[in-house]
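Notes for the one structure printed next.
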Amino acid sequence: MNTLKMDEWTEGEKANNNFFGNAVGIDMQLDELKIYLKEVHNFIKITYINLQSDRIHGLDSETLENLSYHFEHTQGEILRKSIIISIVILLEAEIDTYCEDFRKHKKLSIGYNNFKGDLLEKFKTFTSKLLQSDFNFQGILWQDIVGLYEIRNSLVHNSGLVSDFGKRKTIENFICRNKSFEIDDNERIIISHQACLESIKIVETFFNEITDFALRVFPDRHHYINGTEPF
């Protein structure tokens, strides 16, 4: 069977391979986050259970109570915050890659960073105006991406508090749609284990949709050499 070398591919085939490869990489990173979340969650849960049993000797009740609270709440809270922050870091990095790849493969003179606004606003303008993307920027998925982005901003810049946070309404609307998140009596965002899983799913669905658009712009066309299929 005859095969084509990389330098014999058309520009469209190179672009298709690029976007497809990036999508595979994103899936792998999200899967790694799922594994990490599950492993640490199980460790915290097992440790907490053990602290309630008679396996721990020589500790007074107050120490046991403090340790139990630490493993059930403090450890879990740090883990879940780190997962949300990591998800949004991945989102930012891959949006940047996606837009730069489109600029390169379509030979555009301007990139998404030439537009005003935060990263998501630049992405929206770039893909809707220059690429004529059919992604639904009025839909729930996009609202959830924006909501998750602002939750990360609150965690990083406002200690997870919605009080005095400029995008409070965006976060509240997100939490109304995604019940695995909560806002407690102190106006702090509470993130459950399920919330992390659902956040990963939101980002996963988002990248599937925008990658599907890219692969339709740059379809995988098979070339035939001497009547045989090269791939």
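Just remember, in the structure tokens the first chain shown is A, the second B, etc., residues are 1-based per chain, and ligands are 1-based in the order shown.
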Which residues of range 187-222 of chain A sit at most 7 Å from range 80-96 of chain A, using only C-alpha atoms? Give each one's shortest atom pair and distance in Å (one decimal place), in chain and ascending residue order, as a tab-separated table.
```
residue	atom	partner	partner_atom	distance
A:Ile191	CA	A:Arg80	CA	6.4
A:His193	CA	A:Arg80	CA	6.7
A:Cys196	CA	A:Ile84	CA	6.5
A:Ile200	CA	A:Ile87	CA	6.8
```
Just asking: which residues within range 32-206 of chain A are alpha helix (DSSP H) according to DSSP, as an MDAnalysis selection string?
chainID A and resid 32:52 61:69 75:105 119:125 140:157 168:177 193:206
Residues within 9 Å of Cys99 in chain A, only C-alpha atoms, excluding chain neighbours under 3 positions, as a ChimeraX atom specification
/A:94-96,102-104,111-112,123,126-127
May I have the residues from that selection written out with C-alpha atoms, as a compact mmCIF listing (two decimals), in the first residue's frame?
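Once everything was written out, this is out_30.txt:
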```txt
# COMPACT_ATOMS: atom_id res chain seq x y z
CA GLU A 94 -6.49 25.16 24.48
CA ILE A 95 -8.63 28.11 23.36
CA ASP A 96 -5.39 29.97 22.69
CA PHE A 102 -7.06 28.72 12.84
CA ARG A 103 -5.13 31.94 12.25
CA LYS A 104 -2.17 29.95 10.91
CA GLY A 111 -5.58 36.81 15.72
CA TYR A 112 -8.04 36.63 18.57
CA PHE A 123 -12.68 33.90 21.43
CA PHE A 126 -12.79 35.85 16.66
CA THR A 127 -14.73 32.67 15.93
```
In Å, how far is it from CA of Glu65 in chain A to CA of Gln194 in chain A?
25.1 Å
Can you tell me which residues surround range 36-49 of chain A at a distance of at most 9 Å, considering only C-alpha atoms, apart from same-chain residues fewer than 5 positions away, and format the answer as a count of residues only?
15
Among listed residues A:Ile183, A:Val203, A:Glu100, A:Ala15, nearest Tyr149 in chain A (using only C-alpha atoms)
A:Val203
Let's see if you can do this: from backbone DSSP, list all strand (DSSP E or B) residues in range 118-209 of chain A, as a PyMOL selection string.
chain A and resi 161+181-183+188-191
Now that the selection is made, can you save its residues with C-alpha atoms as an mmCIF file, in the first residue's frame?
```cif
data_model
loop_
_atom_site.group_PDB
_atom_site.id
_atom_site.type_symbol
_atom_site.label_atom_id
_atom_site.label_comp_id
_atom_site.auth_asym_id
_atom_site.auth_seq_id
_atom_site.Cartn_x
_atom_site.Cartn_y
_atom_site.Cartn_z
ATOM 1 C CA LEU A 161 -16.583 34.618 47.746
ATOM 2 C CA PHE A 181 -22.397 23.794 43.218
ATOM 3 C CA GLU A 182 -23.647 25.839 46.167
ATOM 4 C CA ILE A 183 -23.237 29.225 47.811
ATOM 5 C CA ARG A 188 -18.689 31.374 49.621
ATOM 6 C CA ILE A 189 -18.801 28.988 46.664
ATOM 7 C CA ILE A 190 -18.981 25.348 47.756
ATOM 8 C CA ILE A 191 -17.761 22.786 45.233
#
```
If we count only C-alpha atoms, what is near Gly160 in chain A at a cut-off of 9 Å, once residues fewer than 2 positions away on the same chain are taken out, given as a ChimeraX atom specification?
/A:81,151-158,162,187-190
N, CA and C atoms of the current selection, written as an mmCIF file, in the first residue's frame:
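The resulting out.cif:
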```
data_model
loop_
_atom_site.group_PDB
_atom_site.id
_atom_site.type_symbol
_atom_site.label_atom_id
_atom_site.label_comp_id
_atom_site.auth_asym_id
_atom_site.auth_seq_id
_atom_site.Cartn_x
_atom_site.Cartn_y
_atom_site.Cartn_z
ATOM 1 N N LYS A 81 -11.138 22.718 44.648
ATOM 2 C CA LYS A 81 -10.753 24.027 44.105
ATOM 3 C C LYS A 81 -9.651 23.880 43.064
ATOM 4 N N ILE A 151 -16.280 31.361 38.094
ATOM 5 C CA ILE A 151 -16.078 30.663 39.368
ATOM 6 C C ILE A 151 -14.577 30.545 39.650
ATOM 7 N N ARG A 152 -13.819 30.176 38.620
ATOM 8 C CA ARG A 152 -12.364 30.120 38.790
ATOM 9 C C ARG A 152 -11.817 31.487 39.204
ATOM 10 N N ASN A 153 -12.289 32.552 38.553
ATOM 11 C CA ASN A 153 -11.821 33.899 38.883
ATOM 12 C C ASN A 153 -12.130 34.261 40.335
ATOM 13 N N SER A 154 -13.300 33.854 40.793
ATOM 14 C CA SER A 154 -13.669 34.112 42.181
ATOM 15 C C SER A 154 -12.776 33.333 43.140
ATOM 16 N N LEU A 155 -12.490 32.074 42.816
ATOM 17 C CA LEU A 155 -11.621 31.246 43.664
ATOM 18 C C LEU A 155 -10.223 31.844 43.761
ATOM 19 N N VAL A 156 -9.723 32.320 42.628
ATOM 20 C CA VAL A 156 -8.345 32.820 42.570
ATOM 21 C C VAL A 156 -8.228 34.236 43.122
ATOM 22 N N HIS A 157 -9.186 35.084 42.789
ATOM 23 C CA HIS A 157 -9.053 36.512 43.095
ATOM 24 C C HIS A 157 -9.909 36.998 44.262
ATOM 25 N N ASN A 158 -10.882 36.165 44.704
ATOM 26 C CA ASN A 158 -11.785 36.643 45.747
ATOM 27 C C ASN A 158 -12.053 35.580 46.809
ATOM 28 N N VAL A 162 -18.624 35.327 46.626
ATOM 29 C CA VAL A 162 -19.368 36.040 45.585
ATOM 30 C C VAL A 162 -19.698 37.460 46.027
ATOM 31 N N GLU A 187 -21.641 33.323 51.818
ATOM 32 C CA GLU A 187 -21.504 33.756 50.422
ATOM 33 C C GLU A 187 -20.223 33.223 49.774
ATOM 34 N N ARG A 188 -19.849 32.034 50.187
ATOM 35 C CA ARG A 188 -18.689 31.374 49.621
ATOM 36 C C ARG A 188 -19.142 30.229 48.715
ATOM 37 N N ILE A 189 -18.464 30.059 47.592
ATOM 38 C CA ILE A 189 -18.801 28.988 46.664
ATOM 39 C C ILE A 189 -18.352 27.647 47.231
ATOM 40 N N ILE A 190 -19.274 26.691 47.283
ATOM 41 C CA ILE A 190 -18.981 25.348 47.756
ATOM 42 C C ILE A 190 -19.000 24.400 46.556
#
```
Distance criterion (only C-alpha atoms): nearest to Phe206 in chain A out of A:Glu13, A:Asp185, A:Asp101, A:Asp144:
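So, comparing all the options, the nearest one is A:Asp144.
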Skip Ala214 in chain A itself and residues of its chain fewer than 3 positions away, then list as a list in words all residues within 10 Å of it, counting only C-alpha atoms.
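So, after excluding close chain neighbours, the residues are Ala15, Asn16, Asn18, Phe19, Phe20, Tyr98, Asp101, Phe102, Leu131, Ser133, Asn208, Glu209, Ile210, Thr211, Val217, Phe218 and Pro219 of chain A.
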Kindly indicate which residue among A:Thr125, A:Thr170, A:Thr74, A:Ser192 lies nearest to Leu148 in chain A, using only C-alpha atoms for the distances.
A:Thr170
In Å to one decimal, how far is CA of Arg168 in chain A from CA of Val146 in chain A?
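Interatomic distance, CA of Val146 in chain A to CA of Arg168 in chain A: 11.9 Å.
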